[in-house]
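J.: Please find one structure pasted underneath; my questions will follow.
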Amino acid sequence: MTTRLADATVLIVEDGDEYLHALSQLNKGCVWIQAKSAEAALTVLAVRPVAGVVLDMRFDRVPRADLVGDHAQATRECSGDAERAWRHLALHQGLYILAALRQAGWPGPVILAYDFGRETRRFETLQHLHGRLDWIGDDATADLWTAKLCALL
Amino acid sequence: MLEALWAMVLTAAPMLPADATTVCAAVVADPTGSQQLAATLAATARGKREARDLPGALAAMRLAYALQPRDPQLGDELAQLELAAGHPHTAEELWQQLVALQPEHPAVRLHLAELWLGRGSPELLARAAEILARGYRDLPILRLQAEIAARRGQCTDADKWAEAWQRAAGRKAQPSAVGALAALRGDCQFQAGAFAEAAALFDAAADTGADVAARREALDQAKARLAPPPVAAPKGARPELLATARTILDQLAKGQEPPDADLARRVAEDPTVGLGHAALAELLALRKDYPGAELRYLRALQLGLAGADRTRALVGLGRLLLRWPERPRALEAAVVLKTALDSAPQPVAVQFDLLTALRTTGQLRAARHLTERLLRDPEALLPSELRDLTATQRELAASTRAGEEPEPDAHPSSDVAAAAAQLAARDQYRQAVALLRAELAKKGPRADWMVDLASYQRGMGDHAASIETLQQALRLDDTQAAWHAKLGAWLGQAGRSALASKHLRRAVALGRDDLVPTIAGLDAAELADGWLLEVAGRAEISEIIKRMDGFLARRALDRASDPAQAQTALALRLTLQQRLDRGTTVLACLWTLLGAILLVAAWRRYGGSDLRQLLAAHPDTGPEVLRVLAAVRHEVLKHNTMRLQQLLDAIGRGEVQQTTALADALLGGAGDGALDHLRGYCAELTRIGRARGVRLNLQHRDAALAPLFAGFAALRAVRRQLPRIATSHRSRAALQRRVRAAMRLLNVNGYEAVRGLLDSLRLVRVDAGAVQAAFDLARHEPTFASATIAPLEVADSTEVLWVAAPRQVVDEVLVNLFRNALQASQGQLPIRIGVQIGVDISPVTALETVCVAVRDQALGNLSDDDIARRPVDRGLGLVRARLALYEGGLLVRPEALPWHKAVVARLPRAQAGDA
């Protein structure tokens, strides 16, 4: 499994650099590419083959213009509070990006960096909606990361 | 045998008494014969003296005295012959022997006194006065006493003895002798500055035919120097100069610096204006031109000034002389200032200057009188002046009393000491000091003289010298309690309490138990005063009190003791006890304060509330706390597990650089580390608590967050050790153990605790029962009392639905929704309200939202925008605000018949045990 991972190119979509730095230590042979928005991720996926995507959930450090999702709908659901709607989009941006990837036709495996341990039904729904999908919690060790990546890719 | 003796006498005229004694030894065994022979020899000697055969007379008298050495008459005659023969020292020695043998013999005392009077030294005059005072006073002695007193400057004594002599002599008194004595007494008064008395005595002397012309002339000159001369009319004086001088004097009196009015030139142009000289003198004095100022003052006084101006000039001159650089001219200053004071009342400052001058010049009695006069009006003195003056009075009283009467335990007197005392009695302390110094230099140190010297120096204000002298005396004789007591007192006044206490203790050891309170007072004064400082000195104060108690106990047993002293000691003890009590109180306060500080510190560290307490007291903080805790779980913990594992591995490999980088990324410091994030979130939680008046202690009390802080603290300790991992395998293993411990704290204890807290936050089940209860509350409100309301029509969900919000918030939302629907449906008969409970799942996020739709049949155009514009304090505005707190929302949707619309409350769905 490690061999497969060593040959792979993995796209990390996150608003910071934490996953890139952490995962870069994981396997020196693996190619890690980073994108910080849905648009950047789609661009990468359009120009090069990517074995899988590691997707952060919360994007509160990027400009609002980089966020994807229906802000108008979110505002309505937030009783007209536009600010709250932006916050909602940021907090769940990983899933909106995932929706954008799927909408763009990319079917590859995705690991969501989010703890769905207590939201199993929700994750099942997401799997039903978005296909090959796994999650990894905040308490994941390097071994767990390796195992998850290898299993998914 | 007699014939043989005569032969020897005649051939051995100049023989010494010792030789004569040898010659006469043969007749000593025959007292009667010896007496007869002596009488014969004395008669022979007298005959030879009348025949002007002085050598023969002297030889015969020597033999006579050798035969009868205890006969004062023969001895006196022999001494007179020795004196007449030019042997004054032999005569003096013989008279002194006779005085020792016959202290009251008038002739012997008289002749020895006359001899000493002739020599004129103060010491011999004092000794002459002393031997004359020993016994019976005949007329010559009375007269001689008067003369000696006059020559010693004791004018009052001179007058007394002169009057006694004249009274006793009556008409026998020779006019020439009366005149000579009057002249001497006049000299005495003249030297004392009593010009009027001197003039009267000179007149009396002149009446007897004495030549006192020279004396009168000297007196007139002195009077002319100091007496106010007639004020000359300023005929030649320019009025402008007078005006200028007056202006300058006025400005100087006000302490102002007068303008340069070219006064020197103008005075030079018209040197007859005394006021000009006076003003110039003051200006020069101000500029410290002492000689120039003195000259101008003297010219001003010589030219004549009016009363106040003259007095001012005298004061200025006196003070100038007193402050003369290097060597103050105190004697002249004393005369001038005294003249000024006699002319007109002077300010206290001037009198203090006079006092200084008098003390410096050894005129201690005059100084004492001046002090007493000043003290008679204490209100005119400043407190400090009164204090200093009182101390000065004590010193002067002690010094002048020492000159008058010996102290009870004083050392045996001596001639030198007596002479010095006599000088002191004449208020000539300076001379007394000089005499004692000269004698000490000549004859070597003597403790008793030094003690006298010290006393005089003290009186003259030379405190340092007096202490030094007394210390020297005590080095010679350490056994005198009185001296130690005196030195202790002086040192105490000089502020040298430690040394003072040492001498006073020595005095106590030598028997002066009365000094115990004084020592206690000094020791107490040594202890710094002040609330806090008295705490440190409590042990010393207790020890002093113990000594005072011992002293008071001894005094109580001694009935002869002075009650006043015991009272003073008691007062001191009381004061000390108060200080001790005060110190004890302060100490108790300090302990209390310390305890309070420790309590506050402990409270700050271990006190305060945790998040569970905050949530229980303020359920409305739930959403905010939930949000922040979720962020903590996400931001703080999500990257740590992997990083910590990497850190563990890197430590095992001994990679210093990598381990350091990893640890720094965790601990941060620049605001971007995991610990920084944790601190930021905790600050946010603290603010939430503070807004509700709750002080959160997350770092030490909170079960969820405290393990995280502990884990980071353990990591920080590891970070400090990382630079050493390259060199030691053992240290690497130890550090790995510590990292694992930190991992347990962060990723097991902390993580589980955060999750547990999130889990424990209350979830509310939304079902038919909940909505029915809310509906019942609304429909029974007084507003709807008259309305006909149909039962609530509930379309419940098939699932069990929970929301993450406090029960009262959910109830409030539901009640408001029903109230709004009932109000909107007023007028319908009956009012029908329905409710549908369902779940909405986002197709993107898969988030489930519990929707409670309250349906009604009321017509109207309620829209989302209407709700968004509603005020947040009531109705749907309040509902919207409440729901927003819990990530919920409120919207309006049209409903199928029979309903018209539904207002939908949306809240995120929570699973039981989920946050």
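Following the order of the structure tokens, first chain is A, next is B, and so on, with residues numbered from 1 inside each chain and ligands from 1 in the order they appear.
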Tell me as a PyMOL selection string which residues belonging to chain A come within 8 Å of chain B, counting only C-alpha atoms.
T.: chain A and resi 18-19+22+25+76-80+92+95-96+99+114+118-119+122-123+125-126+129+137-142
J.: Determine which residues of segment 7-134 of chain A DSSP labels as helix (DSSP H, G or I) from the backbone of this structure, then write them out as a ChimeraX atom specification.
T.: /A:7,18-24,38-47,64-66,71-77,82-91,93-103,120-130
J.: What does the distance from atom CA of Ala683 of chain B to atom CA of Asp620 of chain B come to in Å, to one decimal?
T.: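 Calculated distance between atom CA of Ala683 of chain B and atom CA of Asp620 of chain B is 18.4 Å.
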J.: What is the atom CA of Leu20 of chain A-atom CA of Leu715 of chain B distance in Å, reported with one decimal?
T.: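 Going from atom CA of Leu20 of chain A over to atom CA of Leu715 of chain B covers 22.8 Å.
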J.: Please provide the set of residues having any atom within 12 Å of Arg573 of chain B, restricted to only C-alpha atoms, with same-chain residues fewer than 3 positions apart removed, written as a PyMOL selection string.
T.: chain B and resi 516-518+520-521+524+541-552+566-570+576-580
J.: Go ahead and dump the residues you just picked, N, CA, C and O atoms, as a tab-separated table (two decimals), in the first residue's frame.
T.:
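This is the output file again-v7.tsv:
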```
chain	number	residue	atom	x	y	z
B	516	VAL	N	19.22	54.47	83.84
B	516	VAL	CA	18.57	53.39	83.08
B	516	VAL	C	17.48	53.93	82.15
B	516	VAL	O	17.43	53.57	80.96
B	517	PRO	N	16.58	54.80	82.63
B	517	PRO	CA	15.57	55.33	81.70
B	517	PRO	C	16.19	56.13	80.55
B	517	PRO	O	15.68	56.07	79.43
B	518	THR	N	17.26	56.83	80.82
B	518	THR	CA	17.90	57.59	79.75
B	518	THR	C	18.41	56.66	78.67
B	518	THR	O	18.23	56.90	77.47
B	520	ALA	N	17.33	53.71	78.08
B	520	ALA	CA	16.16	53.14	77.41
B	520	ALA	C	15.61	54.10	76.36
B	520	ALA	O	15.24	53.70	75.26
B	521	GLY	N	15.58	55.38	76.74
B	521	GLY	CA	15.10	56.39	75.80
B	521	GLY	C	15.98	56.46	74.57
B	521	GLY	O	15.49	56.54	73.44
B	524	ALA	N	15.45	53.37	72.50
B	524	ALA	CA	14.16	53.46	71.80
B	524	ALA	C	14.25	54.42	70.63
B	524	ALA	O	13.68	54.18	69.57
B	541	ILE	N	12.24	46.40	71.44
B	541	ILE	CA	11.37	47.17	72.33
B	541	ILE	C	11.00	46.32	73.56
B	541	ILE	O	10.99	46.83	74.69
B	542	SER	N	10.75	45.05	73.35
B	542	SER	CA	10.43	44.18	74.48
B	542	SER	C	11.59	44.13	75.47
B	542	SER	O	11.39	44.16	76.69
B	543	GLU	N	12.80	44.06	74.91
B	543	GLU	CA	13.97	43.99	75.78
B	543	GLU	C	14.11	45.29	76.58
B	543	GLU	O	14.41	45.27	77.78
B	544	ILE	N	13.86	46.43	75.94
B	544	ILE	CA	13.94	47.71	76.64
B	544	ILE	C	12.88	47.77	77.73
B	544	ILE	O	13.13	48.23	78.86
B	545	ILE	N	11.70	47.32	77.41
B	545	ILE	CA	10.62	47.32	78.41
B	545	ILE	C	11.01	46.46	79.61
B	545	ILE	O	10.76	46.83	80.77
B	546	LYS	N	11.66	45.35	79.31
B	546	LYS	CA	12.09	44.48	80.41
B	546	LYS	C	13.06	45.23	81.33
B	546	LYS	O	12.97	45.17	82.56
B	547	ARG	N	13.98	45.95	80.72
B	547	ARG	CA	14.94	46.72	81.53
B	547	ARG	C	14.22	47.78	82.35
B	547	ARG	O	14.53	48.02	83.51
B	548	MET	N	13.26	48.43	81.71
B	548	MET	CA	12.51	49.47	82.42
B	548	MET	C	11.74	48.88	83.58
B	548	MET	O	11.65	49.49	84.66
B	549	ASP	N	11.20	47.70	83.38
B	549	ASP	CA	10.46	47.06	84.48
B	549	ASP	C	11.39	46.77	85.65
B	549	ASP	O	11.02	46.96	86.81
B	550	GLY	N	12.59	46.30	85.33
B	550	GLY	CA	13.57	46.05	86.39
B	550	GLY	C	13.90	47.32	87.14
B	550	GLY	O	13.97	47.36	88.38
B	551	PHE	N	14.10	48.38	86.39
B	551	PHE	CA	14.42	49.67	87.01
B	551	PHE	C	13.28	50.15	87.91
B	551	PHE	O	13.50	50.57	89.05
B	552	LEU	N	12.06	50.04	87.39
B	552	LEU	CA	10.91	50.50	88.18
B	552	LEU	C	10.73	49.65	89.44
B	552	LEU	O	10.36	50.18	90.50
B	566	ALA	N	10.78	58.19	88.75
B	566	ALA	CA	9.98	56.99	88.50
B	566	ALA	C	8.81	57.31	87.58
B	566	ALA	O	8.46	56.52	86.69
B	567	GLN	N	8.23	58.49	87.77
B	567	GLN	CA	7.12	58.90	86.90
B	567	GLN	C	7.58	59.01	85.45
B	567	GLN	O	6.91	58.57	84.52
B	568	THR	N	8.74	59.65	85.28
B	568	THR	CA	9.28	59.80	83.93
B	568	THR	C	9.54	58.43	83.31
B	568	THR	O	9.22	58.19	82.14
B	569	ALA	N	10.13	57.55	84.11
B	569	ALA	CA	10.42	56.21	83.61
B	569	ALA	C	9.13	55.48	83.24
B	569	ALA	O	9.05	54.77	82.23
B	570	LEU	N	8.13	55.70	84.07
B	570	LEU	CA	6.85	55.05	83.82
B	570	LEU	C	6.23	55.54	82.51
B	570	LEU	O	5.67	54.78	81.72
B	576	LEU	N	6.76	53.07	75.23
B	576	LEU	CA	7.34	51.89	74.59
B	576	LEU	C	6.30	50.79	74.43
B	576	LEU	O	6.25	50.09	73.41
B	577	GLN	N	5.47	50.65	75.45
B	577	GLN	CA	4.44	49.62	75.38
B	577	GLN	C	3.48	49.92	74.23
B	577	GLN	O	3.04	49.02	73.50
B	578	GLN	N	3.18	51.22	74.06
B	578	GLN	CA	2.29	51.61	72.95
B	578	GLN	C	2.93	51.26	71.62
B	578	GLN	O	2.28	50.78	70.69
B	579	ARG	N	4.24	51.52	71.53
B	579	ARG	CA	4.94	51.19	70.28
B	579	ARG	C	4.92	49.69	70.05
B	579	ARG	O	4.74	49.22	68.91
B	580	LEU	N	5.12	48.97	71.13
B	580	LEU	CA	5.11	47.50	71.00
B	580	LEU	C	3.74	47.02	70.55
B	580	LEU	O	3.61	46.18	69.65
```
J.: Contacts of Gln93 of chain A at 8 Å or less, counting only C-alpha atoms, minus same-chain residues fewer than 2 places along, as a VMD selection string?
T.: chain A and resid 57 to 59 67 to 69 89 to 91 95 to 97
J.: Give me a file of those residues, with N, CA, C and O atoms, as a PDB file, in the first residue's frame.
T.:
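As written to disk, selection_29.pdb reads:
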```
ATOM      1  N   MET A  57     -12.420  20.951   5.703  1.00  0.00           N
ATOM      2  CA  MET A  57     -13.830  21.321   5.802  1.00  0.00           C
ATOM      3  C   MET A  57     -14.015  22.833   5.956  1.00  0.00           C
ATOM      4  O   MET A  57     -14.818  23.448   5.291  1.00  0.00           O
ATOM      5  N   ARG A  58     -13.223  23.402   6.810  1.00  0.00           N
ATOM      6  CA  ARG A  58     -13.466  24.792   7.205  1.00  0.00           C
ATOM      7  C   ARG A  58     -12.521  25.715   6.440  1.00  0.00           C
ATOM      8  O   ARG A  58     -11.307  25.548   6.495  1.00  0.00           O
ATOM      9  N   PHE A  59     -13.046  26.712   5.789  1.00  0.00           N
ATOM     10  CA  PHE A  59     -12.247  27.655   4.996  1.00  0.00           C
ATOM     11  C   PHE A  59     -12.546  29.086   5.480  1.00  0.00           C
ATOM     12  O   PHE A  59     -13.230  29.841   4.793  1.00  0.00           O
ATOM     13  N   LEU A  67     -15.017  31.568  -1.920  1.00  0.00           N
ATOM     14  CA  LEU A  67     -15.936  30.548  -1.414  1.00  0.00           C
ATOM     15  C   LEU A  67     -16.965  30.196  -2.490  1.00  0.00           C
ATOM     16  O   LEU A  67     -17.431  31.068  -3.231  1.00  0.00           O
ATOM     17  N   VAL A  68     -17.312  28.939  -2.539  1.00  0.00           N
ATOM     18  CA  VAL A  68     -18.370  28.525  -3.454  1.00  0.00           C
ATOM     19  C   VAL A  68     -19.596  28.155  -2.625  1.00  0.00           C
ATOM     20  O   VAL A  68     -19.505  27.899  -1.423  1.00  0.00           O
ATOM     21  N   GLY A  69     -20.769  28.104  -3.329  1.00  0.00           N
ATOM     22  CA  GLY A  69     -22.016  27.842  -2.624  1.00  0.00           C
ATOM     23  C   GLY A  69     -23.013  28.950  -2.897  1.00  0.00           C
ATOM     24  O   GLY A  69     -22.640  30.054  -3.294  1.00  0.00           O
ATOM     25  N   LEU A  89     -21.132  29.152   4.849  1.00  0.00           N
ATOM     26  CA  LEU A  89     -20.393  28.691   3.666  1.00  0.00           C
ATOM     27  C   LEU A  89     -18.943  28.372   4.020  1.00  0.00           C
ATOM     28  O   LEU A  89     -18.378  27.381   3.540  1.00  0.00           O
ATOM     29  N   ALA A  90     -18.350  29.230   4.868  1.00  0.00           N
ATOM     30  CA  ALA A  90     -16.941  28.999   5.232  1.00  0.00           C
ATOM     31  C   ALA A  90     -16.801  27.717   6.044  1.00  0.00           C
ATOM     32  O   ALA A  90     -15.873  26.925   5.834  1.00  0.00           O
ATOM     33  N   LEU A  91     -17.711  27.540   6.985  1.00  0.00           N
ATOM     34  CA  LEU A  91     -17.592  26.380   7.880  1.00  0.00           C
ATOM     35  C   LEU A  91     -17.808  25.057   7.141  1.00  0.00           C
ATOM     36  O   LEU A  91     -17.251  24.028   7.534  1.00  0.00           O
ATOM     37  N   LEU A  95     -17.449  20.752   1.838  1.00  0.00           N
ATOM     38  CA  LEU A  95     -18.531  20.020   1.184  1.00  0.00           C
ATOM     39  C   LEU A  95     -19.020  20.757  -0.061  1.00  0.00           C
ATOM     40  O   LEU A  95     -19.408  20.118  -1.059  1.00  0.00           O
ATOM     41  N   TYR A  96     -19.006  22.082   0.010  1.00  0.00           N
ATOM     42  CA  TYR A  96     -19.404  22.826  -1.195  1.00  0.00           C
ATOM     43  C   TYR A  96     -18.387  22.606  -2.310  1.00  0.00           C
ATOM     44  O   TYR A  96     -18.720  22.521  -3.490  1.00  0.00           O
ATOM     45  N   ILE A  97     -17.097  22.536  -1.918  1.00  0.00           N
ATOM     46  CA  ILE A  97     -16.063  22.265  -2.930  1.00  0.00           C
ATOM     47  C   ILE A  97     -16.264  20.851  -3.507  1.00  0.00           C
ATOM     48  O   ILE A  97     -16.152  20.623  -4.715  1.00  0.00           O
TER      49      ILE A  97
END
```
